[in-house]
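Text of the file protein13.csv, holding CSV, C-alpha atoms and all ligand atoms:
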```csv
chain,number,residue,atom,x,y,z
A,1,MET,CA,75.2,18.7,15.9
A,2,SER,CA,73.2,20.0,18.9
A,3,ASP,CA,71.3,17.5,21.1
A,4,ILE,CA,68.0,18.5,19.7
A,5,GLU,CA,69.2,17.7,16.1
A,6,VAL,CA,70.4,14.3,17.3
A,7,ILE,CA,67.0,13.6,18.9
A,8,LYS,CA,65.1,14.8,15.8
A,9,ASP,CA,67.2,12.6,13.5
A,10,LYS,CA,66.8,9.6,15.7
A,11,TYR,CA,63.0,9.9,15.5
A,12,LEU,CA,62.9,10.6,11.8
A,13,GLY,CA,65.0,7.5,11.3
A,14,GLU,CA,62.6,5.4,13.4
A,15,ILE,CA,59.6,6.9,11.6
A,16,SER,CA,60.8,5.9,8.2
A,17,ALA,CA,61.7,2.4,9.4
A,18,ALA,CA,58.2,1.9,11.0
A,19,THR,CA,56.2,-0.7,9.2
A,20,ASP,CA,52.8,-0.4,10.9
A,21,GLY,CA,50.4,2.0,12.7
A,22,ASP,CA,51.2,0.6,16.1
A,23,ALA,CA,54.9,1.2,15.7
A,24,LEU,CA,54.2,4.8,14.6
A,25,GLU,CA,52.0,5.3,17.6
A,26,THR,CA,54.8,4.1,20.0
A,27,ILE,CA,57.2,6.6,18.4
A,28,ARG,CA,54.7,9.4,18.6
A,29,VAL,CA,54.2,8.8,22.4
A,30,ALA,CA,57.9,8.5,23.0
A,31,ALA,CA,58.6,11.8,21.2
A,32,LEU,CA,55.5,14.0,21.4
A,33,GLY,CA,53.4,12.3,24.2
A,34,LYS,CA,52.8,14.1,27.5
A,35,LYS,CA,56.1,12.8,28.8
A,36,GLY,CA,57.7,12.4,25.4
A,37,GLU,CA,61.3,13.4,24.9
A,38,ILE,CA,60.6,16.4,22.8
A,39,SER,CA,57.7,17.5,25.0
A,40,LEU,CA,59.9,17.5,28.0
A,41,LEU,CA,62.5,19.6,26.1
A,42,LEU,CA,59.7,22.1,25.3
A,43,LYS,CA,59.0,22.4,29.0
A,44,THR,CA,62.6,23.4,29.7
A,45,LEU,CA,62.1,26.6,27.6
A,46,GLY,CA,60.4,28.2,30.7
A,47,LYS,CA,63.6,27.9,32.7
A,48,MET,CA,65.9,29.4,30.1
A,49,THR,CA,67.2,33.0,29.9
A,50,PRO,CA,65.5,35.0,27.2
A,51,GLU,CA,68.6,34.8,25.1
A,52,GLU,CA,68.8,31.1,25.3
A,53,ARG,CA,65.1,30.8,24.6
A,54,GLN,CA,65.5,32.8,21.5
A,55,THR,CA,68.0,30.4,20.0
A,56,GLU,CA,66.7,27.1,21.5
A,57,GLY,CA,62.9,27.8,21.1
A,58,PRO,CA,62.9,27.6,17.3
A,59,LYS,CA,65.1,24.5,17.3
A,60,ILE,CA,62.9,22.5,19.7
A,61,ASN,CA,59.7,23.7,18.1
A,62,GLY,CA,61.1,22.9,14.6
A,63,ALA,CA,62.0,19.4,15.8
A,64,ARG,CA,58.5,18.9,17.2
A,65,GLN,CA,57.0,20.0,13.9
A,66,ALA,CA,59.3,17.9,11.8
A,67,VAL,CA,58.6,14.8,13.8
A,68,ALA,CA,54.8,15.4,13.7
A,69,ASP,CA,54.9,16.0,10.0
A,70,ALA,CA,57.0,12.9,9.4
A,71,ILE,CA,54.5,10.8,11.4
A,72,ALA,CA,51.5,12.1,9.4
A,73,ALA,CA,53.3,11.6,6.1
A,74,ARG,CA,54.4,8.0,7.0
A,75,LYS,CA,50.8,7.2,8.1
A,76,GLU,CA,49.4,8.4,4.8
A,77,ALA,CA,51.9,6.4,2.9
A,78,MET,CA,51.1,3.3,4.9
A,79,GLU,CA,47.4,3.7,4.2
A,80,SER,CA,47.9,4.0,0.5
A,81,ASP,CA,50.3,1.0,0.6
A,82,VAL,CA,47.5,-1.0,2.2
A,83,LEU,CA,45.0,0.1,-0.4
A,84,ASN,CA,47.4,-0.6,-3.2
A,85,ALA,CA,48.0,-4.1,-1.8
A,86,ARG,CA,44.3,-4.7,-1.7
A,87,LEU,CA,43.8,-3.4,-5.2
A,88,ALA,CA,46.6,-5.7,-6.4
A,89,THR,CA,45.2,-8.9,-4.8
A,90,GLU,CA,41.4,-8.5,-4.6
A,91,LYS,CA,39.4,-9.2,-7.8
A,92,LEU,CA,35.7,-8.6,-8.6
A,93,ASP,CA,34.4,-11.1,-11.1
A,94,MET,CA,32.0,-9.0,-13.1
A,95,THR,CA,30.8,-12.1,-15.0
A,96,LEU,CA,29.2,-13.7,-11.8
A,97,PRO,CA,25.4,-13.6,-11.7
A,98,PRO,CA,24.2,-11.0,-9.1
A,99,PRO,CA,22.7,-12.2,-5.8
A,100,SER,CA,18.9,-12.5,-6.3
A,101,ALA,CA,17.0,-9.6,-4.7
A,102,PRO,CA,13.9,-10.6,-2.7
A,103,LYS,CA,10.8,-10.1,-4.8
A,104,GLY,CA,7.4,-9.0,-3.4
A,105,SER,CA,4.1,-10.3,-4.5
A,106,ILE,CA,0.7,-8.6,-5.1
A,107,HIS,CA,-1.8,-9.0,-2.3
A,108,PRO,CA,-4.9,-10.9,-3.4
A,109,VAL,CA,-7.1,-7.8,-2.6
A,110,SER,CA,-5.1,-5.6,-4.9
A,111,GLN,CA,-5.1,-8.4,-7.5
A,112,VAL,CA,-8.9,-8.7,-7.4
A,113,MET,CA,-9.2,-4.9,-7.6
A,114,ASP,CA,-7.0,-5.0,-10.7
A,115,GLU,CA,-9.1,-7.8,-12.2
A,116,LEU,CA,-12.3,-5.9,-11.6
A,117,ALA,CA,-10.9,-2.8,-13.2
A,118,GLU,CA,-9.8,-4.8,-16.3
A,119,ILE,CA,-13.0,-6.7,-16.7
A,120,PHE,CA,-15.2,-3.6,-16.3
A,121,ALA,CA,-12.9,-1.5,-18.5
A,122,ASP,CA,-13.7,-4.0,-21.3
A,123,LEU,CA,-17.4,-3.2,-20.6
A,124,GLY,CA,-16.8,0.6,-20.8
A,125,PHE,CA,-16.7,1.3,-17.1
A,126,SER,CA,-14.1,3.6,-15.5
A,127,VAL,CA,-12.9,3.6,-11.9
A,128,ALA,CA,-14.2,6.2,-9.5
A,129,THR,CA,-13.0,6.9,-6.0
A,130,GLY,CA,-14.2,8.7,-2.9
A,131,PRO,CA,-13.0,9.5,0.6
A,132,GLU,CA,-12.9,6.9,3.4
A,133,ILE,CA,-13.7,9.5,5.9
A,134,GLU,CA,-17.3,10.4,4.9
A,135,ASP,CA,-20.1,12.4,6.3
A,136,ASP,CA,-23.5,11.3,7.3
A,137,TRP,CA,-25.2,12.8,4.3
A,138,HIS,CA,-23.1,11.0,1.6
A,139,ASN,CA,-23.0,7.7,3.5
A,140,PHE,CA,-26.7,7.6,4.5
A,141,THR,CA,-29.1,10.4,3.9
A,142,ALA,CA,-28.4,11.0,0.1
A,143,LEU,CA,-28.8,7.2,-0.3
A,144,ASN,CA,-32.4,7.4,0.8
A,145,ILE,CA,-31.5,6.3,4.4
A,146,PRO,CA,-33.0,9.1,6.5
A,147,GLU,CA,-31.9,9.6,10.1
A,148,THR,CA,-34.6,7.4,11.6
A,149,HIS,CA,-34.0,4.5,9.2
A,150,PRO,CA,-33.3,1.1,10.8
A,151,ALA,CA,-30.6,0.4,8.1
A,152,ARG,CA,-28.4,2.9,10.0
A,153,ALA,CA,-28.3,0.7,13.0
A,154,MET,CA,-27.4,-2.3,10.9
A,155,HIS,CA,-24.2,-0.7,9.6
A,156,ASP,CA,-22.3,-0.8,12.9
A,157,THR,CA,-20.8,2.6,12.0
A,158,PHE,CA,-17.6,4.1,13.4
A,159,TYR,CA,-18.4,7.7,14.1
A,160,PHE,CA,-15.9,10.4,14.8
A,161,PRO,CA,-16.2,12.2,18.1
A,162,GLN,CA,-16.3,15.6,16.3
A,163,THR,CA,-18.7,16.9,13.6
A,164,ASP,CA,-17.5,18.9,10.6
A,165,ASP,CA,-17.7,22.7,10.3
A,166,GLN,CA,-21.4,22.5,9.5
A,167,GLY,CA,-22.2,20.3,12.5
A,168,MET,CA,-22.5,17.2,10.2
A,169,PRO,CA,-21.5,13.9,11.8
A,170,LYS,CA,-18.3,12.4,10.3
A,171,LEU,CA,-17.8,8.6,10.0
A,172,LEU,CA,-15.7,5.9,8.3
A,173,ARG,CA,-17.7,5.0,5.3
A,174,THR,CA,-19.6,1.8,5.9
A,175,HIS,CA,-19.9,0.9,2.2
A,176,THR,CA,-18.7,2.2,-1.2
A,177,SER,CA,-22.2,3.4,-2.1
A,178,PRO,CA,-21.4,7.1,-1.2
A,179,VAL,CA,-19.1,7.1,-4.3
A,180,GLN,CA,-22.4,6.7,-6.3
A,181,ILE,CA,-23.6,10.0,-4.7
A,182,ARG,CA,-20.3,11.8,-5.3
A,183,THR,CA,-20.1,10.7,-8.9
A,184,MET,CA,-23.7,11.7,-9.7
A,185,MET,CA,-23.3,15.0,-8.0
A,186,ASP,CA,-20.1,15.8,-10.0
A,187,VAL,CA,-21.9,15.0,-13.2
A,188,ALA,CA,-24.9,17.1,-12.2
A,189,LYS,CA,-22.5,20.0,-11.4
A,190,GLN,CA,-20.4,19.6,-14.6
A,191,THR,CA,-23.5,19.5,-16.8
A,192,ASP,CA,-25.6,22.1,-15.0
A,193,GLY,CA,-28.1,19.5,-14.0
A,194,GLU,CA,-28.5,18.2,-17.6
A,195,GLY,CA,-26.8,14.9,-16.7
A,196,GLU,CA,-24.9,12.4,-18.9
A,197,PRO,CA,-24.4,8.7,-19.0
A,198,ILE,CA,-22.3,7.2,-16.1
A,199,TYR,CA,-20.6,3.9,-16.1
A,200,ILE,CA,-18.3,3.4,-13.1
A,201,ILE,CA,-17.0,1.0,-10.6
A,202,ALA,CA,-15.7,2.1,-7.2
A,203,PRO,CA,-13.4,-0.3,-5.4
A,204,GLY,CA,-12.1,0.6,-2.0
A,205,ARG,CA,-11.9,0.2,1.8
A,206,THR,CA,-14.9,0.2,4.0
A,207,TYR,CA,-15.3,0.0,7.7
A,208,ARG,CA,-17.7,-1.5,10.2
A,209,SER,CA,-17.4,-2.3,13.9
A,210,ASP,CA,-17.4,-6.1,13.5
A,211,SER,CA,-14.8,-8.9,13.9
A,212,ASP,CA,-14.9,-12.7,13.4
A,213,ALA,CA,-13.7,-15.2,10.9
A,214,THR,CA,-15.8,-13.7,8.1
A,215,HIS,CA,-15.8,-10.0,9.2
A,216,THR,CA,-13.0,-7.6,9.8
A,217,PRO,CA,-13.4,-3.9,10.9
A,218,MET,CA,-11.8,-2.8,7.7
A,219,PHE,CA,-12.8,-4.7,4.5
A,220,HIS,CA,-13.2,-4.0,0.8
A,221,GLN,CA,-16.1,-3.5,-1.5
A,222,VAL,CA,-16.7,-2.6,-5.1
A,223,GLU,CA,-19.6,-0.5,-6.1
A,224,GLY,CA,-21.0,-0.5,-9.6
A,225,LEU,CA,-23.2,2.3,-11.0
A,226,VAL,CA,-24.8,2.8,-14.4
A,227,ILE,CA,-26.9,5.8,-15.2
A,228,ASP,CA,-28.2,6.3,-18.7
A,229,LYS,CA,-31.5,6.6,-20.5
A,230,ASN,CA,-33.8,3.5,-20.8
A,231,ILE,CA,-31.7,1.3,-18.5
A,232,HIS,CA,-33.6,-1.7,-17.1
A,233,MET,CA,-33.0,-4.8,-15.0
A,234,GLY,CA,-32.0,-6.9,-18.1
A,235,HIS,CA,-28.9,-4.7,-18.4
A,236,LEU,CA,-28.1,-5.3,-14.7
A,237,LYS,CA,-28.4,-9.1,-15.0
A,238,TRP,CA,-26.4,-9.2,-18.2
A,239,THR,CA,-23.6,-7.0,-16.8
A,240,LEU,CA,-23.4,-9.1,-13.6
A,241,GLU,CA,-23.4,-12.4,-15.5
A,242,THR,CA,-20.7,-11.2,-17.9
A,243,PHE,CA,-18.6,-9.9,-14.9
A,244,VAL,CA,-19.0,-13.1,-12.8
A,245,ARG,CA,-18.1,-15.4,-15.8
A,246,ALA,CA,-15.0,-13.4,-16.6
A,247,PHE,CA,-14.0,-13.1,-13.0
A,248,PHE,CA,-14.3,-16.8,-12.2
A,249,GLU,CA,-13.2,-17.8,-15.7
A,250,ARG,CA,-16.1,-20.1,-16.5
A,251,ASP,CA,-18.9,-19.7,-19.0
A,252,ASP,CA,-21.3,-22.1,-17.2
A,253,ILE,CA,-22.0,-19.8,-14.2
A,254,GLU,CA,-25.7,-19.2,-13.5
A,255,LEU,CA,-27.0,-16.2,-11.6
A,256,ARG,CA,-30.1,-16.1,-9.5
A,257,LEU,CA,-31.7,-12.7,-8.6
A,258,ARG,CA,-33.7,-12.8,-5.4
A,259,PRO,CA,-36.0,-10.0,-4.5
A,260,SER,CA,-34.6,-8.0,-1.6
A,261,TYR,CA,-34.6,-4.6,0.0
A,262,PHE,CA,-32.0,-1.8,0.0
A,263,PRO,CA,-33.1,1.8,0.7
A,264,PHE,CA,-31.2,3.1,-2.3
A,265,THR,CA,-32.6,0.7,-5.0
A,266,GLU,CA,-36.1,-0.1,-6.1
A,267,PRO,CA,-36.6,-2.9,-7.0
A,268,SER,CA,-33.7,-4.5,-5.2
A,269,ALA,CA,-32.2,-7.9,-5.7
A,270,GLU,CA,-29.7,-10.1,-3.9
A,271,VAL,CA,-27.6,-12.0,-6.4
A,272,ASP,CA,-26.6,-15.6,-5.9
A,273,VAL,CA,-24.1,-17.6,-8.0
A,274,GLY,CA,-24.6,-21.2,-8.7
A,275,PHE,CA,-22.0,-23.6,-7.4
A,276,SER,CA,-21.3,-27.3,-7.8
A,277,VAL,CA,-18.9,-29.9,-6.5
A,278,GLU,CA,-16.1,-31.1,-8.7
A,279,LYS,CA,-13.5,-33.6,-7.5
A,280,GLY,CA,-14.7,-33.1,-4.0
A,281,ARG,CA,-14.3,-29.3,-4.1
A,282,ARG,CA,-16.9,-26.7,-4.2
A,283,ILE,CA,-16.5,-24.5,-7.3
A,284,ILE,CA,-18.4,-21.5,-8.7
A,285,GLY,CA,-20.1,-22.7,-11.8
A,286,GLY,CA,-21.5,-26.0,-13.0
A,287,ASP,CA,-25.0,-27.3,-12.2
A,288,PRO,CA,-26.3,-25.7,-9.0
A,289,ARG,CA,-29.2,-28.2,-9.1
A,290,GLY,CA,-27.0,-31.3,-9.1
A,291,ASP,CA,-25.7,-33.3,-6.1
A,292,ASN,CA,-24.3,-31.0,-3.4
A,293,GLY,CA,-24.8,-28.0,-5.7
A,294,GLY,CA,-26.5,-24.9,-4.6
A,295,TRP,CA,-26.5,-21.1,-4.6
A,296,MET,CA,-24.4,-18.6,-2.6
A,297,GLU,CA,-25.0,-14.9,-2.3
A,298,ILE,CA,-22.3,-12.7,-3.6
A,299,LEU,CA,-23.7,-9.2,-4.0
A,300,GLY,CA,-26.6,-6.8,-3.6
A,301,SER,CA,-28.0,-4.8,-6.4
A,302,GLY,CA,-31.1,-3.0,-7.9
A,303,MET,CA,-32.4,-0.1,-9.9
A,304,VAL,CA,-31.2,3.2,-8.5
A,305,HIS,CA,-34.0,4.7,-6.4
A,306,PRO,CA,-35.5,7.9,-8.0
A,307,ASN,CA,-35.0,9.7,-4.7
A,308,VAL,CA,-31.2,9.0,-4.9
A,309,ILE,CA,-31.0,10.3,-8.4
A,310,ARG,CA,-33.0,13.4,-7.4
A,311,ASN,CA,-30.9,13.9,-4.2
A,312,CYS,CA,-27.8,14.2,-6.5
A,313,GLY,CA,-29.4,16.9,-8.7
A,314,LEU,CA,-30.4,14.8,-11.7
A,315,ASP,CA,-33.9,14.2,-13.1
A,316,PRO,CA,-35.1,10.7,-12.4
A,317,ASP,CA,-37.7,11.0,-15.2
A,318,VAL,CA,-34.8,11.3,-17.7
A,319,TRP,CA,-32.1,9.2,-16.1
A,320,GLN,CA,-32.3,5.7,-14.7
A,321,GLY,CA,-29.8,3.1,-13.8
A,322,PHE,CA,-28.7,0.2,-11.8
A,323,ALA,CA,-26.2,-0.2,-9.0
A,324,PHE,CA,-24.5,-3.1,-7.2
A,325,GLY,CA,-22.2,-3.6,-4.3
A,326,CYS,CA,-20.0,-6.6,-3.6
A,327,GLY,CA,-17.4,-7.6,-1.0
A,328,ILE,CA,-14.0,-7.8,-2.7
A,329,ASP,CA,-12.4,-9.9,0.1
A,330,ARG,CA,-15.2,-12.5,-0.3
A,331,LEU,CA,-14.6,-12.6,-4.1
A,332,ALA,CA,-10.9,-13.2,-3.5
A,333,MET,CA,-11.7,-16.0,-1.0
A,334,LEU,CA,-14.1,-17.7,-3.4
A,335,LYS,CA,-11.8,-17.5,-6.3
A,336,TYR,CA,-8.5,-18.3,-4.6
A,337,GLY,CA,-9.6,-20.5,-1.8
A,338,MET,CA,-8.6,-18.7,1.4
A,339,ASP,CA,-10.9,-19.5,4.4
A,340,ASP,CA,-10.1,-17.0,7.1
A,341,LEU,CA,-10.7,-13.3,6.2
A,342,ARG,CA,-8.5,-12.1,9.2
A,343,ALA,CA,-5.4,-13.5,7.5
A,344,PHE,CA,-5.9,-10.9,4.7
A,345,PHE,CA,-4.9,-8.2,7.1
A,346,ASP,CA,-2.2,-9.9,9.3
A,347,GLY,CA,0.6,-8.8,7.0
A,348,ASP,CA,2.3,-12.2,7.2
A,349,LEU,CA,4.7,-12.4,4.3
A,350,ARG,CA,4.4,-16.2,4.2
A,351,TRP,CA,0.7,-15.8,3.5
A,352,THR,CA,1.2,-13.3,0.7
A,353,GLU,CA,3.9,-15.4,-0.8
A,354,HIS,CA,1.5,-18.4,-0.8
A,355,TYR,CA,-1.6,-16.6,-2.1
A,356,GLY,CA,0.1,-13.5,-3.7
A,357,PHE,CA,0.5,-12.8,-7.4
A,358,ASP,CA,3.0,-11.9,-9.9
A,359,ALA,CA,2.8,-8.3,-11.1
A,360,LEU,CA,2.1,-9.5,-14.7
A,361,ASP,CA,-1.0,-11.6,-14.0
A,362,VAL,CA,-3.6,-9.3,-15.4
A,363,PRO,CA,-7.0,-10.7,-16.5
A,364,THR,CA,-9.1,-9.6,-19.4
A,365,LEU,CA,-12.7,-10.4,-20.5
A,366,SER,CA,-11.5,-12.7,-23.2
A,367,GLY,CA,-8.6,-14.3,-21.5
A,368,GLY,CA,-9.0,-14.5,-17.8
A,369,VAL,CA,-6.0,-14.2,-15.5
A,370,GLY,CA,-2.5,-14.3,-17.0
A,371,ALA,CA,-3.7,-14.3,-20.6
A,401,LIG,N1,-24.2,-0.9,0.1
A,401,LIG,C1,-24.7,-2.2,0.3
A,401,LIG,C2,-24.0,-2.8,1.5
A,401,LIG,O1,-23.0,-2.4,1.9
A,401,LIG,C3,-24.4,-3.1,-0.9
A,401,LIG,C4,-25.2,-2.7,-2.1
A,401,LIG,C5,-26.5,-3.2,-2.3
A,401,LIG,C6,-24.8,-1.7,-2.9
A,401,LIG,C7,-27.3,-2.9,-3.4
A,401,LIG,C8,-25.6,-1.3,-4.0
A,401,LIG,C9,-26.8,-1.9,-4.2
A,401,LIG,O2,-25.2,-0.4,-4.9
A,401,LIG,O3,-27.5,-1.5,-5.3
A,401,LIG,O4,-24.6,-3.7,2.1
```

Please express what this file holds, its structure, as structure tokens.
Amino acid sequence: MSDIEVIKDKYLGEISAATDGDALETIRVAALGKKGEISLLLKTLGKMTPEERQTEGPKINGARQAVADAIAARKEAMESDVLNARLATEKLDMTLPPPSAPKGSIHPVSQVMDELAEIFADLGFSVATGPEIEDDWHNFTALNIPETHPARAMHDTFYFPQTDDQGMPKLLRTHTSPVQIRTMMDVAKQTDGEGEPIYIIAPGRTYRSDSDATHTPMFHQVEGLVIDKNIHMGHLKWTLETFVRAFFERDDIELRLRPSYFPFTEPSAEVDVGFSVEKGRRIIGGDPRGDNGGWMEILGSGMVHPNVIRNCGLDPDVWQGFAFGCGIDRLAMLKYGMDDLRAFFDGDLRWTEHYGFDALDVPTLSGGVGA
């Protein structure tokens, strides 16, 4: 046997005896590394005569290849041995209960929006939406708030630096009332100005440049709009009473309508709910005339101003209606007892865990929450 055969067999023997990756690596370096035995032999080829090279070259290269192949094969075998050993010893008990996954909860604002949609759906209202980036016309002008009207100054509006293509100022809507306009205009368009009854609520985000414990720059409102023939304030009062009693889940809630002013309604009324004190806690309902009882304002409302109906392309001599607008965050605070509005928007999971809701708590007119 030539030297190279002896060397090759030596390494092949060592490779098959190797029991781990480190041992294999040591063999590889000794044989095929930069200064490995076979690598050095390969270098001697350069000094041989062409004849010698012709016989020795294939032998040395063959040995190099054989050793490299053997190392690769042994490595693969070791890996599958390790895997087989793990498969033989490790067990997965499929009967164990799975680890519990963290469960989110519903934010009180979303919960109240769902409650509103459910309660008003039972009264025949559908949910309408509109853009949060509005223009001056839908947010103000069409609502009978002309450019010089002082109500504009009261809204602390966020304006965009640029106007739209027609030179119209753009803004973040300051209330949900522009959804009234969009809904009436859609109906006027779809019916060629004929009109048809409208019963909608429009919950959503609204924006004003204001921030303290009871005001945040972004907040939520719900708008209500009814347009039909022969609608009067009695319908408004009944609807609000039915809504408030279902929402706060008490039948003994009294409402008080106070004359007020909004440009888009005539007459206008601010609506107060009666509260009383039970077990030292203020609650909505009970006798507002009793000890420590009283009234608190919860929303603005009124009969839709004929100018608004006309601005939307409908005939105010045929169609009348009522509208109302209410702060959703405040409704949530009153019902569920939070006292700082800012916490609504902090995104602190401990807060949502405390005040949040299960996905299945859905209220209805007859049953209240969770029925
Ligand atoms: N848009 C009013 C506001 O944000 C609230 C309001 C009052 C809405 C009376 C109405 C309404 O639809 O009739 O202050």

With all atoms listed in the file counted, which protein, DNA or RNA residues have an atom no more than 10 Å from (-8.2, -9.2, 4.7) in the file frame? Please answer as a list in words.
His107, Pro108, Val109, Thr214, His215, Thr216, Pro217, Met218, Phe219, His220, Ile328, Asp329, Arg330, Ala332, Met333, Asp340, Leu341, Arg342, Ala343, Phe344, Phe345, Asp346 and Gly347 of chain A

Could you please determine the separation between CA of Asn61 (chain A) and CA of Ala31 (chain A) in Å, to one decimal place?
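CA of Ala31 (chain A) lies at a distance of 12.3 Å from CA of Asn61 (chain A).
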
List the spatial neighbours of region 164-171 of chain A as a PyMOL selection string - criterion: any atom at most 12 Å away, only C-alpha atoms, same-chain residues fewer than 5 positions off excluded.
chain A and resi 131-141+147+155-159+178+206-209

Just the number, please: distance in Å from CA of Glu37 (chain A) to CA of Asp20 (chain A), one decimal.
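Separation between CA of Glu37 (chain A) and CA of Asp20 (chain A): 21.4 Å.
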
For ligand LIG 401 (chain A), return the neighbouring residues as an mmCIF file with C-alpha atoms, in the coordinates of the input (distance at most 6 Å; only C-alpha atoms and all ligand atoms).
```
data_model
loop_
_atom_site.group_PDB
_atom_site.id
_atom_site.type_symbol
_atom_site.label_atom_id
_atom_site.label_comp_id
_atom_site.auth_asym_id
_atom_site.auth_seq_id
_atom_site.Cartn_x
_atom_site.Cartn_y
_atom_site.Cartn_z
ATOM 1 C CA HIS A 175 -19.900 0.900 2.200
ATOM 2 C CA SER A 177 -22.200 3.400 -2.100
ATOM 3 C CA GLU A 223 -19.600 -0.500 -6.100
ATOM 4 C CA PHE A 262 -32.000 -1.800 0.000
ATOM 5 C CA THR A 265 -32.600 0.700 -5.000
ATOM 6 C CA GLY A 300 -26.600 -6.800 -3.600
ATOM 7 C CA SER A 301 -28.000 -4.800 -6.400
ATOM 8 C CA GLY A 302 -31.100 -3.000 -7.900
ATOM 9 C CA ALA A 323 -26.200 -0.200 -9.000
ATOM 10 C CA PHE A 324 -24.500 -3.100 -7.200
ATOM 11 C CA GLY A 325 -22.200 -3.600 -4.300
#
```

In Å, how far is it from CA of Met338 (chain A) to CA of Pro203 (chain A)?
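We find that CA of Met338 (chain A) and CA of Pro203 (chain A) lie 20.2 Å from each other.
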
Using only C-alpha atoms, determine which residues lie at most 12 Å from region 11-18 of chain A, disregarding the query and same-chain residues fewer than 2 positions distant; provide the list as an MDAnalysis selection string.
chainID A and resid 4:9 20:32 36:38 63:75 77:78

Which is closest to Asp287 (chain A) among A:Asp251, A:Glu196, A:Met48, A:Arg310, if we use only C-alpha atoms?
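When distances to Asp287 (chain A) are compared using only C-alpha atoms, the smallest one comes from A:Asp251.
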
List every protein, DNA or RNA residue that has at least one atom no more than 12 Å from (-33.6, 15.1, -8.4) in the file's coordinates, counting all atoms listed in the file, and write the result as a list in words.
Ala142, Ile181, Met184, Met185, Ala188, Gly193, Glu194, Gly195, His305, Pro306, Asn307, Val308, Ile309, Arg310, Asn311, Cys312, Gly313, Leu314, Asp315, Pro316, Asp317, Val318, Trp319 and Gln320 of chain A

Restricting the calculation to only C-alpha atoms, which member of A:Leu349, A:Leu41, A:Ala202, A:Ile284 is positioned closest to Glu56 (chain A)?
A:Leu41

Counting all atoms listed in the file, the option among A:Val179, A:Leu334, A:Leu255, A:Val82 closest to Val222 (chain A)
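Among A:Val179, A:Leu334, A:Leu255, A:Val82, it is A:Val179 that comes nearest to Val222 (chain A).
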
Listing only residues of region 265-363 of chain A within 7 Å of region 234-250 of chain A, what is the closest atom pair and its distance in Å (to one decimal) for each, using only C-alpha atoms, sorted by chain and residue number ascending, as a tab-separated table?
```
residue	atom	partner	partner_atom	distance
A:Gly285	CA	A:Arg250	CA	6.7
A:Phe322	CA	A:Leu236	CA	6.2
A:Lys335	CA	A:Phe248	CA	6.4
```

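For the set A:Thr129, A:Ser110, A:Gln190, A:Thr163, the residue with the smallest atom-to-atom gap to Thr176 (chain A) is A:Thr129, counting all atoms listed in the file.
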
For Gly356 (chain A), find every residue with an atom within 9 Å (counting only C-alpha atoms), except residues of its own chain fewer than 5 positions away, and show them as a PDB file with C-alpha atoms, keeping the file's coordinate frame.
```pdb
ATOM      1  CA  GLY A 104       7.400  -9.000  -3.400  1.00  0.00           C
ATOM      2  CA  SER A 105       4.100 -10.300  -4.500  1.00  0.00           C
ATOM      3  CA  ILE A 106       0.700  -8.600  -5.100  1.00  0.00           C
ATOM      4  CA  HIS A 107      -1.800  -9.000  -2.300  1.00  0.00           C
ATOM      5  CA  PRO A 108      -4.900 -10.900  -3.400  1.00  0.00           C
ATOM      6  CA  GLN A 111      -5.100  -8.400  -7.500  1.00  0.00           C
ATOM      7  CA  TRP A 351       0.700 -15.800   3.500  1.00  0.00           C
TER       8      TRP A 351
END
```

Among listed residues A:Ala153, A:Met113, A:Ile227, A:Leu143, nearest Leu331 (chain A) (using all atoms listed in the file)
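Residue with the minimum atom-to-atom distance to Leu331 (chain A): A:Met113.
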